[in-house]
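Dumped upload_17.txt below, it's compact mmCIF, C-alpha atoms:
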```
# COMPACT_ATOMS: atom_id res chain seq x y z
CA MET A 1288 -7.55 -18.16 -119.50
CA ARG A 1289 -4.89 -17.90 -116.84
CA LEU A 1290 -5.08 -19.30 -113.31
CA TYR A 1291 -2.92 -17.67 -110.64
CA GLY A 1292 -2.60 -20.31 -107.96
CA TYR A 1293 -0.36 -22.44 -105.80
CA PHE A 1294 -0.05 -26.19 -106.02
CA ARG A 1295 -1.05 -26.80 -102.40
CA SER A 1296 -3.75 -24.11 -102.12
CA SER A 1297 -7.02 -25.87 -101.47
CA ALA A 1298 -8.97 -23.09 -103.20
CA ALA A 1299 -6.79 -23.19 -106.34
CA TYR A 1300 -7.10 -27.00 -106.34
CA ARG A 1301 -10.91 -26.62 -106.49
CA VAL A 1302 -10.67 -24.42 -109.57
CA ARG A 1303 -8.24 -26.83 -111.26
CA ILE A 1304 -10.75 -29.67 -110.77
CA ALA A 1305 -13.59 -27.55 -112.19
CA LEU A 1306 -11.49 -26.59 -115.22
CA ASN A 1307 -10.60 -30.25 -115.81
CA LEU A 1308 -14.21 -31.41 -115.44
CA LYS A 1309 -15.17 -28.87 -118.08
CA GLY A 1310 -12.24 -29.85 -120.32
CA LEU A 1311 -11.00 -26.25 -120.39
CA ALA A 1312 -7.41 -25.33 -121.20
CA CYS A 1313 -5.89 -22.79 -118.81
CA GLU A 1314 -2.38 -21.45 -118.33
CA GLN A 1315 -1.20 -21.93 -114.75
CA VAL A 1316 0.82 -19.13 -113.17
CA PRO A 1317 2.28 -20.12 -109.77
CA VAL A 1318 2.21 -17.66 -106.86
CA ASN A 1319 4.48 -19.10 -104.17
CA LEU A 1320 2.66 -18.63 -100.87
CA ILE A 1321 5.60 -19.88 -98.78
CA LYS A 1322 7.93 -17.29 -100.33
CA GLY A 1323 5.23 -14.63 -99.77
CA GLU A 1324 4.72 -13.84 -103.46
CA GLN A 1325 1.01 -13.27 -102.74
CA ARG A 1326 2.01 -9.99 -101.05
CA ASP A 1327 4.07 -8.73 -104.02
CA ALA A 1328 2.69 -5.61 -105.72
CA ALA A 1329 2.10 -7.60 -108.91
CA HIS A 1330 -0.19 -10.04 -107.15
CA LEU A 1331 -1.91 -7.44 -104.98
CA ALA A 1332 -2.89 -5.66 -108.21
CA ARG A 1333 -4.66 -8.88 -109.21
CA HIS A 1334 -6.16 -9.56 -105.79
CA PRO A 1335 -6.11 -6.81 -103.14
CA GLN A 1336 -6.36 -9.39 -100.38
CA GLY A 1337 -3.25 -11.22 -101.56
CA LEU A 1338 -4.98 -14.57 -101.94
CA VAL A 1339 -5.14 -17.25 -104.59
CA PRO A 1340 -6.76 -18.28 -106.84
CA VAL A 1341 -7.36 -15.53 -109.39
CA LEU A 1342 -8.79 -16.56 -112.75
CA GLU A 1343 -8.02 -14.16 -115.59
CA THR A 1344 -10.45 -14.62 -118.46
CA ASP A 1345 -9.47 -14.18 -122.11
CA ASP A 1346 -10.73 -10.60 -122.09
CA GLY A 1347 -8.62 -9.78 -119.01
CA THR A 1348 -11.40 -9.86 -116.39
CA ARG A 1349 -10.03 -11.07 -113.09
CA LEU A 1350 -12.24 -13.28 -110.98
CA THR A 1351 -11.62 -14.13 -107.33
CA GLN A 1352 -13.08 -16.52 -104.75
CA SER A 1353 -12.94 -20.15 -105.82
CA LEU A 1354 -16.65 -20.92 -105.52
CA ALA A 1355 -17.60 -17.81 -107.51
CA ILE A 1356 -15.05 -18.84 -110.14
CA CYS A 1357 -16.46 -22.38 -110.32
CA GLU A 1358 -20.01 -21.08 -110.72
CA TYR A 1359 -18.78 -18.70 -113.45
CA LEU A 1360 -17.16 -21.60 -115.30
CA ASP A 1361 -20.37 -23.58 -114.88
CA GLU A 1362 -22.46 -20.77 -116.36
CA ARG A 1363 -20.09 -20.11 -119.26
CA HIS A 1364 -19.48 -23.79 -120.00
CA PRO A 1365 -22.60 -25.64 -118.86
CA ALA A 1366 -21.53 -29.20 -119.79
CA PRO A 1367 -21.01 -31.23 -117.72
CA PRO A 1368 -22.95 -29.33 -115.05
CA LEU A 1369 -21.47 -28.74 -111.57
CA LEU A 1370 -24.93 -28.19 -110.10
CA PRO A 1371 -28.11 -30.32 -110.33
CA ALA A 1372 -31.08 -29.25 -112.43
CA ASP A 1373 -33.52 -28.70 -109.53
CA ALA A 1374 -33.45 -25.77 -107.08
CA GLU A 1375 -33.52 -28.03 -103.98
CA GLY A 1376 -30.63 -30.09 -105.37
CA ARG A 1377 -28.63 -26.97 -106.16
CA ALA A 1378 -29.27 -25.68 -102.64
CA ARG A 1379 -28.04 -28.99 -101.20
CA VAL A 1380 -24.88 -29.04 -103.33
CA ARG A 1381 -24.10 -25.41 -102.57
CA ALA A 1382 -24.66 -26.03 -98.85
CA LEU A 1383 -22.28 -29.01 -98.87
CA ALA A 1384 -19.69 -26.95 -100.74
CA GLN A 1385 -20.15 -24.05 -98.32
CA LEU A 1386 -19.91 -26.32 -95.29
CA ILE A 1387 -16.34 -26.92 -96.46
CA ALA A 1388 -15.61 -23.47 -97.90
CA CYS A 1389 -17.19 -21.40 -95.09
CA GLU A 1390 -16.91 -23.64 -92.01
CA ILE A 1391 -13.70 -25.66 -92.36
CA HIS A 1392 -11.24 -24.23 -94.84
CA PRO A 1393 -11.22 -20.57 -93.61
CA LEU A 1394 -10.12 -21.70 -90.15
CA ASP A 1395 -7.32 -23.94 -91.32
CA ASN A 1396 -5.61 -21.95 -94.01
CA LEU A 1397 -2.09 -20.58 -94.01
CA ARG A 1398 -2.79 -17.00 -92.88
CA VAL A 1399 -4.89 -18.16 -89.90
CA LEU A 1400 -2.36 -20.76 -88.78
CA GLY A 1401 0.26 -18.02 -89.16
CA TYR A 1402 -1.69 -15.67 -86.86
CA LEU A 1403 -2.08 -18.42 -84.25
CA THR A 1404 1.64 -19.13 -84.07
CA GLY A 1405 2.81 -15.57 -84.74
CA GLU A 1406 0.52 -13.09 -82.97
CA LEU A 1407 -0.92 -15.52 -80.41
CA GLY A 1408 2.29 -17.49 -79.88
CA ILE A 1409 0.60 -20.87 -79.61
CA GLY A 1410 2.78 -23.95 -79.88
CA GLU A 1411 2.91 -26.71 -82.49
CA ASP A 1412 0.65 -29.09 -80.54
CA ALA A 1413 -2.07 -26.48 -80.03
CA ARG A 1414 -1.83 -25.47 -83.69
CA LEU A 1415 -2.31 -29.09 -84.79
CA ALA A 1416 -5.19 -29.51 -82.32
CA TRP A 1417 -6.84 -26.40 -83.77
CA TYR A 1418 -6.45 -27.73 -87.30
CA ARG A 1419 -7.85 -31.14 -86.44
CA HIS A 1420 -10.69 -29.71 -84.34
CA TRP A 1421 -12.25 -27.85 -87.27
CA ILE A 1422 -11.68 -30.78 -89.63
CA ALA A 1423 -13.34 -33.16 -87.15
CA GLU A 1424 -16.28 -30.87 -86.46
CA GLY A 1425 -16.87 -30.10 -90.14
CA PHE A 1426 -16.35 -33.65 -91.43
CA ALA A 1427 -18.65 -35.10 -88.76
CA ALA A 1428 -21.43 -32.78 -89.96
CA LEU A 1429 -20.61 -33.57 -93.58
CA GLU A 1430 -20.68 -37.32 -92.92
CA THR A 1431 -24.12 -37.00 -91.29
CA GLN A 1432 -25.45 -34.95 -94.18
CA LEU A 1433 -24.01 -37.34 -96.78
CA ALA A 1434 -24.90 -40.64 -95.09
CA GLY A 1435 -28.44 -39.62 -94.20
CA THR A 1436 -29.96 -39.33 -97.66
CA PRO A 1437 -30.41 -41.31 -100.89
CA ALA A 1438 -29.39 -38.20 -102.83
CA THR A 1439 -25.81 -39.18 -101.98
CA ARG A 1440 -24.63 -41.85 -104.43
CA ALA A 1441 -21.23 -42.40 -106.04
CA CYS A 1442 -20.63 -38.67 -105.54
CA CYS A 1443 -21.87 -36.20 -102.93
CA HIS A 1444 -25.02 -35.64 -104.98
CA GLY A 1445 -25.89 -38.26 -107.57
CA ASP A 1446 -23.39 -40.14 -109.69
CA THR A 1447 -21.57 -37.27 -111.35
CA PRO A 1448 -19.19 -34.77 -109.71
CA SER A 1449 -20.68 -31.51 -108.47
CA LEU A 1450 -19.43 -28.38 -106.76
CA ALA A 1451 -19.56 -30.30 -103.47
CA ASP A 1452 -17.07 -32.89 -104.76
CA VAL A 1453 -14.88 -30.11 -106.15
CA CYS A 1454 -14.56 -28.81 -102.57
CA LEU A 1455 -14.40 -32.17 -100.80
CA VAL A 1456 -11.33 -33.66 -102.46
CA PRO A 1457 -8.95 -30.73 -101.72
CA GLN A 1458 -10.17 -30.56 -98.10
CA VAL A 1459 -9.53 -34.29 -97.61
CA PHE A 1460 -6.11 -33.92 -99.25
CA ASN A 1461 -5.27 -31.23 -96.68
CA ALA A 1462 -6.66 -33.23 -93.77
CA ARG A 1463 -4.41 -36.15 -94.72
CA ARG A 1464 -1.39 -33.82 -94.84
CA PHE A 1465 -2.12 -32.96 -91.22
CA ASP A 1466 -2.56 -36.66 -90.34
CA CYS A 1467 -6.21 -36.28 -89.41
CA ASP A 1468 -7.92 -39.59 -88.64
CA LEU A 1469 -10.72 -39.97 -91.20
CA GLY A 1470 -11.98 -43.35 -90.02
CA ALA A 1471 -15.16 -41.84 -88.59
CA TYR A 1472 -16.28 -40.60 -92.01
CA PRO A 1473 -16.83 -43.73 -94.15
CA THR A 1474 -19.22 -42.12 -96.64
CA LEU A 1475 -16.86 -39.24 -97.19
CA GLU A 1476 -13.92 -41.63 -97.68
CA ARG A 1477 -15.89 -43.82 -100.08
CA ILE A 1478 -16.82 -40.83 -102.23
CA VAL A 1479 -13.28 -39.48 -102.25
CA ALA A 1480 -11.88 -42.90 -103.22
CA HIS A 1481 -14.22 -42.88 -106.21
CA LEU A 1482 -13.46 -39.28 -107.19
CA GLU A 1483 -9.72 -39.92 -107.08
CA THR A 1484 -10.12 -42.47 -109.88
CA LEU A 1485 -11.47 -39.78 -112.21
CA PRO A 1486 -8.87 -38.07 -114.45
CA ALA A 1487 -10.25 -34.56 -113.77
CA PHE A 1488 -9.52 -35.01 -110.07
CA ALA A 1489 -6.27 -36.97 -110.47
CA GLU A 1490 -4.71 -34.42 -112.81
CA ALA A 1491 -5.57 -31.57 -110.43
CA ARG A 1492 -3.63 -33.08 -107.54
CA PRO A 1493 -1.02 -30.76 -106.01
CA GLU A 1494 1.96 -33.01 -106.76
CA ARG A 1495 1.10 -32.99 -110.47
CA GLN A 1496 1.27 -29.19 -110.76
CA PRO A 1497 4.19 -27.34 -112.38
CA ASP A 1498 5.15 -25.60 -109.12
CA ALA A 1499 5.09 -28.76 -106.95
CA ALA A 1500 8.26 -28.97 -104.88
CA MET B 283 -41.62 -21.28 -94.68
CA ARG B 284 -39.93 -21.32 -91.32
CA LEU B 285 -36.57 -19.76 -90.47
CA TYR B 286 -34.66 -21.17 -87.51
CA GLY B 287 -32.31 -18.37 -86.51
CA TYR B 288 -31.04 -16.08 -83.81
CA PHE B 289 -31.47 -12.33 -83.77
CA ARG B 290 -27.75 -11.59 -83.63
CA SER B 291 -26.55 -14.35 -85.97
CA SER B 292 -24.97 -12.69 -88.96
CA ALA B 293 -25.89 -15.61 -91.22
CA ALA B 294 -29.57 -15.58 -90.13
CA TYR B 295 -29.59 -11.79 -90.61
CA ARG B 296 -28.54 -12.31 -94.25
CA VAL B 297 -31.47 -14.65 -94.87
CA ARG B 298 -33.91 -12.24 -93.19
CA ILE B 299 -32.77 -9.48 -95.57
CA ALA B 300 -33.14 -11.76 -98.60
CA LEU B 301 -36.64 -12.81 -97.50
CA ASN B 302 -37.61 -9.15 -97.02
CA LEU B 303 -36.17 -8.09 -100.38
CA LYS B 304 -38.30 -10.79 -102.02
CA GLY B 305 -41.35 -9.83 -99.97
CA LEU B 306 -41.71 -13.37 -98.64
CA ALA B 307 -43.56 -14.21 -95.42
CA CYS B 308 -41.68 -16.56 -93.13
CA GLU B 309 -42.26 -17.75 -89.57
CA GLN B 310 -39.24 -17.07 -87.36
CA VAL B 311 -38.27 -19.72 -84.81
CA PRO B 312 -35.54 -18.50 -82.43
CA VAL B 313 -32.66 -20.81 -81.47
CA ASN B 314 -30.88 -19.15 -78.54
CA LEU B 315 -27.15 -19.52 -79.25
CA ILE B 316 -26.13 -18.08 -75.87
CA LYS B 317 -28.22 -20.65 -74.00
CA GLY B 318 -26.77 -23.38 -76.27
CA GLU B 319 -30.08 -24.37 -77.85
CA GLN B 320 -28.23 -25.02 -81.12
CA ARG B 321 -26.81 -28.17 -79.50
CA ASP B 322 -30.22 -29.51 -78.39
CA ALA B 323 -31.28 -32.75 -80.07
CA ALA B 324 -34.20 -30.94 -81.72
CA HIS B 325 -31.92 -28.51 -83.47
CA LEU B 326 -29.21 -31.06 -84.30
CA ALA B 327 -31.90 -33.03 -86.15
CA ARG B 328 -32.44 -29.94 -88.28
CA HIS B 329 -28.75 -29.14 -88.69
CA PRO B 330 -26.15 -31.74 -87.68
CA GLN B 331 -23.54 -29.03 -87.21
CA GLY B 332 -25.70 -27.16 -84.71
CA LEU B 333 -25.64 -23.91 -86.63
CA VAL B 334 -28.21 -21.36 -87.71
CA PRO B 335 -29.87 -20.50 -90.01
CA VAL B 336 -32.00 -23.38 -91.24
CA LEU B 337 -34.79 -22.58 -93.68
CA GLU B 338 -37.62 -25.10 -93.73
CA THR B 339 -39.62 -24.86 -96.93
CA ASP B 340 -43.37 -25.46 -97.11
CA ASP B 341 -42.82 -29.09 -98.14
CA GLY B 342 -40.53 -29.65 -95.13
CA THR B 343 -37.19 -29.56 -96.96
CA ARG B 344 -34.50 -28.13 -94.70
CA LEU B 345 -31.91 -25.89 -96.26
CA THR B 346 -28.67 -24.85 -94.58
CA GLN B 347 -25.84 -22.38 -95.28
CA SER B 348 -27.05 -18.81 -95.64
CA LEU B 349 -25.61 -18.16 -99.13
CA ALA B 350 -27.10 -21.38 -100.48
CA ILE B 351 -30.45 -20.40 -98.93
CA CYS B 352 -30.29 -16.92 -100.50
CA GLU B 353 -29.51 -18.37 -103.94
CA TYR B 354 -32.40 -20.83 -103.49
CA LEU B 355 -34.77 -17.97 -102.67
CA ASP B 356 -33.44 -16.09 -105.70
CA GLU B 357 -34.09 -19.05 -108.00
CA ARG B 358 -37.57 -19.76 -106.63
CA HIS B 359 -38.60 -16.10 -106.43
CA PRO B 360 -36.60 -14.31 -109.15
CA ALA B 361 -37.95 -10.76 -108.59
CA PRO B 362 -36.22 -8.62 -107.56
CA PRO B 363 -33.00 -10.46 -108.48
CA LEU B 364 -30.15 -10.82 -105.97
CA LEU B 365 -27.65 -11.43 -108.77
CA PRO B 366 -26.96 -9.42 -111.94
CA ALA B 367 -27.97 -10.71 -115.38
CA ASP B 368 -24.43 -11.17 -116.76
CA ALA B 369 -22.04 -13.98 -115.78
CA GLU B 370 -19.15 -11.59 -115.00
CA GLY B 371 -21.44 -9.49 -112.80
CA ARG B 372 -22.70 -12.58 -111.00
CA ALA B 373 -19.13 -13.72 -110.45
CA ARG B 374 -18.26 -10.30 -108.98
CA VAL B 375 -21.28 -10.23 -106.64
CA ARG B 376 -20.67 -13.81 -105.49
CA ALA B 377 -16.98 -13.02 -104.90
CA LEU B 378 -17.85 -9.95 -102.78
CA ALA B 379 -20.36 -12.02 -100.80
CA GLN B 380 -17.82 -14.81 -100.33
CA LEU B 381 -15.10 -12.37 -99.30
CA ILE B 382 -17.34 -11.72 -96.29
CA ALA B 383 -18.80 -15.21 -95.89
CA CYS B 384 -15.57 -17.18 -96.40
CA GLU B 385 -12.81 -14.79 -95.30
CA ILE B 386 -14.22 -12.67 -92.46
CA HIS B 387 -17.30 -14.15 -90.81
CA PRO B 388 -16.01 -17.73 -90.24
CA LEU B 389 -13.10 -16.39 -88.18
CA ASP B 390 -15.17 -14.10 -86.01
CA ASN B 391 -18.19 -16.18 -85.13
CA LEU B 392 -19.23 -17.42 -81.72
CA ARG B 393 -17.83 -20.96 -81.85
CA VAL B 394 -14.40 -19.74 -82.97
CA LEU B 395 -14.22 -16.99 -80.35
CA GLY B 396 -15.30 -19.66 -77.84
CA TYR B 397 -12.42 -21.94 -78.87
CA LEU B 398 -9.92 -19.09 -78.56
CA THR B 399 -10.94 -18.25 -74.99
CA GLY B 400 -11.82 -21.81 -73.91
CA GLU B 401 -9.33 -24.26 -75.42
CA LEU B 402 -6.54 -21.76 -76.12
CA GLY B 403 -7.11 -19.66 -73.00
CA ILE B 404 -6.45 -16.32 -74.68
CA GLY B 405 -7.50 -13.19 -72.84
CA GLU B 406 -10.10 -10.55 -73.67
CA ASP B 407 -7.62 -8.15 -75.32
CA ALA B 408 -6.20 -10.84 -77.62
CA ARG B 409 -9.72 -12.01 -78.47
CA LEU B 410 -10.73 -8.47 -79.46
CA ALA B 411 -7.51 -8.03 -81.43
CA TRP B 412 -8.25 -11.28 -83.30
CA TYR B 413 -11.77 -10.10 -84.11
CA ARG B 414 -10.62 -6.72 -85.33
CA HIS B 415 -7.70 -8.14 -87.29
CA TRP B 416 -9.93 -10.20 -89.61
CA ILE B 417 -12.44 -7.37 -89.92
CA ALA B 418 -9.67 -4.92 -90.87
CA GLU B 419 -8.00 -7.27 -93.33
CA GLY B 420 -11.28 -8.23 -94.99
CA PHE B 421 -12.81 -4.76 -95.07
CA ALA B 422 -9.59 -3.25 -96.50
CA ALA B 423 -9.78 -5.73 -99.39
CA LEU B 424 -13.50 -5.09 -99.79
CA GLU B 425 -12.99 -1.31 -99.82
CA THR B 426 -10.36 -1.67 -102.57
CA GLN B 427 -12.61 -3.91 -104.63
CA LEU B 428 -15.60 -1.61 -104.18
CA ALA B 429 -13.84 1.73 -104.67
CA GLY B 430 -11.86 0.63 -107.69
CA THR B 431 -14.65 0.14 -110.20
CA PRO B 432 -17.64 1.95 -111.72
CA ALA B 433 -19.70 -1.24 -111.21
CA THR B 434 -20.06 -0.07 -107.60
CA ARG B 435 -22.83 2.49 -107.39
CA ALA B 436 -25.44 3.08 -104.67
CA CYS B 437 -25.03 -0.58 -103.77
CA CYS B 438 -22.08 -2.97 -104.02
CA HIS B 439 -23.03 -3.74 -107.62
CA GLY B 440 -25.30 -1.28 -109.37
CA ASP B 441 -28.16 0.57 -107.75
CA THR B 442 -30.20 -2.33 -106.39
CA PRO B 443 -29.30 -4.65 -103.50
CA SER B 444 -27.54 -7.88 -104.37
CA LEU B 445 -26.21 -10.88 -102.49
CA ALA B 446 -23.11 -8.80 -101.70
CA ASP B 447 -25.20 -6.17 -99.87
CA VAL B 448 -27.10 -8.95 -98.08
CA CYS B 449 -23.76 -10.06 -96.59
CA LEU B 450 -22.27 -6.61 -96.07
CA VAL B 451 -24.84 -5.10 -93.73
CA PRO B 452 -24.77 -7.90 -91.10
CA GLN B 453 -20.97 -7.94 -91.12
CA VAL B 454 -20.82 -4.17 -90.55
CA PHE B 455 -23.42 -4.49 -87.80
CA ASN B 456 -21.17 -7.03 -86.06
CA ALA B 457 -18.03 -4.95 -86.58
CA ARG B 458 -19.74 -2.00 -84.89
CA ARG B 459 -20.72 -4.20 -81.95
CA PHE B 460 -17.01 -4.91 -81.45
CA ASP B 461 -16.17 -1.20 -81.78
CA CYS B 462 -14.14 -1.66 -84.95
CA ASP B 463 -13.00 1.62 -86.49
CA LEU B 464 -14.55 1.76 -89.96
CA GLY B 465 -13.16 5.17 -90.96
CA ALA B 466 -10.76 3.61 -93.45
CA TYR B 467 -13.60 2.18 -95.53
CA PRO B 468 -15.58 5.16 -96.86
CA THR B 469 -17.14 3.34 -99.83
CA LEU B 470 -18.31 0.54 -97.62
CA GLU B 471 -19.77 3.00 -95.09
CA ARG B 472 -21.51 5.00 -97.82
CA ILE B 473 -23.15 1.87 -99.23
CA VAL B 474 -24.23 0.65 -95.80
CA ALA B 475 -25.71 4.06 -94.94
CA HIS B 476 -27.81 3.81 -98.10
CA LEU B 477 -28.86 0.19 -97.50
CA GLU B 478 -29.93 0.98 -93.95
CA THR B 479 -32.57 3.37 -95.32
CA LEU B 480 -34.27 0.51 -97.18
CA PRO B 481 -37.14 -1.21 -95.33
CA ALA B 482 -35.93 -4.73 -96.27
CA PHE B 483 -32.68 -4.06 -94.44
CA ALA B 484 -34.14 -2.00 -91.59
CA GLU B 485 -36.74 -4.64 -90.71
CA ALA B 486 -34.13 -7.39 -90.65
CA ARG B 487 -32.05 -5.65 -87.97
CA PRO B 488 -31.33 -7.80 -84.90
CA GLU B 489 -33.05 -5.48 -82.43
CA ARG B 490 -36.28 -5.74 -84.40
CA GLN B 491 -36.50 -9.53 -84.12
CA PRO B 492 -38.88 -11.35 -81.76
CA ASP B 493 -36.02 -12.89 -79.76
CA ALA B 494 -34.05 -9.64 -79.31
CA ALA B 495 -33.05 -9.18 -75.69
```
Please, can you express the file's structure as structure tokens?
Amino acid sequence: MRLYGYFRSSAAYRVRIALNLKGLACEQVPVNLIKGEQRDAAHLARHPQGLVPVLETDDGTRLTQSLAICEYLDERHPAPPLLPADAEGRARVRALAQLIACEIHPLDNLRVLGYLTGELGIGEDARLAWYRHWIAEGFAALETQLAGTPATRACCHGDTPSLADVCLVPQVFNARRFDCDLGAYPTLERIVAHLETLPAFAEARPERQPDAA
Amino acid sequence: MRLYGYFRSSAAYRVRIALNLKGLACEQVPVNLIKGEQRDAAHLARHPQGLVPVLETDDGTRLTQSLAICEYLDERHPAPPLLPADAEGRARVRALAQLIACEIHPLDNLRVLGYLTGELGIGEDARLAWYRHWIAEGFAALETQLAGTPATRACCHGDTPSLADVCLVPQVFNARRFDCDLGAYPTLERIVAHLETLPAFAEARPERQPDAA
């Protein structure tokens, strides 16, 4: 398999964690988002939207969208599972993952921040306020959902990492980069502190990737 | 089951389609987003982020995030399936659904448009341009992914509706509301024209809901 990604892409980071949790070998091919390589013809042929990650399977099938890729890996390589065994548990884990992937990350990624400063001409302070607003709103909801139930244990759901944890760690990494205050989210911070001790998460960190600056 | 939604919410519209495709009865409880009922204590107890939809199951479990809810319904009520039988097909359908749910819809929903006009003070023209920009970028990528493969047939994947179609129809409905020009996306328009003839989709339309203005 081959993963087209970028060391600091939150979505590529998710897939790296999932691959590591499954113990799967995968060649990493960097696509430099700062240099604009995602808009090169070669990458657009892989992903018409010019985004990362793209996972190329051994038979050449190209998969896009990080959550779809993670579920594919989970179906093809079921152990250890990224989703609980019961339908209600799976719905909870998917909802936590989607709270991050559909409500926070899409608003704070590179192309959106670029539109705000480019087309809308907003300044640095307003851009930072935008970033932190969606982190704060999303993390507050996440904290409530995590703290309010015994289903949350060492990880977001139970004691082993799930798709929710796969999404949480990259989003917290990004929030720290933008100096977001995370003090109001103790459950979230406790879970992340635990996850960061696990090799699958540690080895997926941006600074450990071949294309890290 | 009970669905807390709003007639014009794209995410609630997805769940209505899924319920109809499965032939499931469900009580609809409107949460008026324009009047701000999503921020009432009663609704925040159901969903700490103050969003719709929330699906309450018969045992009182509350499920959030429309895609997680649709996958839950698909697991609990497998016929007719919302996902193909093969892992690659499922990955494709989930990626198409997520292209809409993670790349288009989050940027164009009410709370984001509200932030643009409120906190950032952008005018009506810039707000419309923002809306149409993310529709155009997302639909162009979707058109390429749909037109470029024989897997696309009457529907986004094969000849029966999948999770991708469940997301597509509400997003096109919203794009039309904002007078987006869809002429550049013939495959997408052809599929939507077909889906709109199906009762499950027709009965889920916003104007047919009890809380429609």
Interface residues on chain B facing chain A, 6 Å, all atoms listed in the file, written as a PDB file with C-alpha atoms, in the frame of the given file:
```pdb
ATOM      1  CA  PRO B 330     -26.150 -31.740 -87.680  1.00  0.00           C
ATOM      2  CA  GLN B 331     -23.540 -29.030 -87.210  1.00  0.00           C
ATOM      3  CA  THR B 346     -28.670 -24.850 -94.580  1.00  0.00           C
ATOM      4  CA  GLN B 347     -25.840 -22.380 -95.280  1.00  0.00           C
ATOM      5  CA  ALA B 350     -27.100 -21.380-100.480  1.00  0.00           C
ATOM      6  CA  TYR B 354     -32.400 -20.830-103.490  1.00  0.00           C
ATOM      7  CA  ALA B 373     -19.130 -13.720-110.450  1.00  0.00           C
ATOM      8  CA  ARG B 376     -20.670 -13.810-105.490  1.00  0.00           C
ATOM      9  CA  ALA B 377     -16.980 -13.020-104.900  1.00  0.00           C
ATOM     10  CA  CYS B 384     -15.570 -17.180 -96.400  1.00  0.00           C
ATOM     11  CA  ALA B 423      -9.780  -5.730 -99.390  1.00  0.00           C
TER      12      ALA B 423
END
```
Centre and edges of the range 329-341 of chain B box, axis-aligned, 6 Å extra per side, as lines of an AutoDock Vina configuration file:
```
center_x = -33.5
center_y = -26.1
center_z = -91.4
size_x = 31.8
size_y = 23.2
size_z = 25.4
```
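Closest approach to Gly305 in chain B among B:Ala361, B:Arg435, B:Ala367, B:Glu338 is made by B:Ala361 (distances from only C-alpha atoms).
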Residue contacts of Arg1495 in chain A (12 Å, only C-alpha atoms) excluding same-chain residues fewer than 6 positions away, as a list of chain:residue names: A:Tyr1293, A:Phe1294, A:Arg1295, A:Tyr1300, A:Arg1303, A:Pro1486, A:Ala1487, A:Phe1488, A:Ala1489
Å distance separating CA of Glu1411 in chain A from CA of Ala418 in chain B, one decimal place: 26.5 Å
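Each of B:Thr399, B:Asn302, B:Thr442, B:Thr434 was checked against Thr469 in chain B using only C-alpha atoms; the smallest atom-to-atom distance is that of B:Thr434.
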Atom pair CA of Leu450 in chain B / CA of Leu315 in chain B: separation (Å): 21.8 Å
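Shortest separation to Val297 in chain B among B:Cys438, B:Val313, B:Val334, B:Leu464 occurs at residue B:Val334, atoms counted being all atoms listed in the file.
Taking CA of Gly400 in chain B as the reference point, CA of Phe460 in chain B is found at 19.2 Å.
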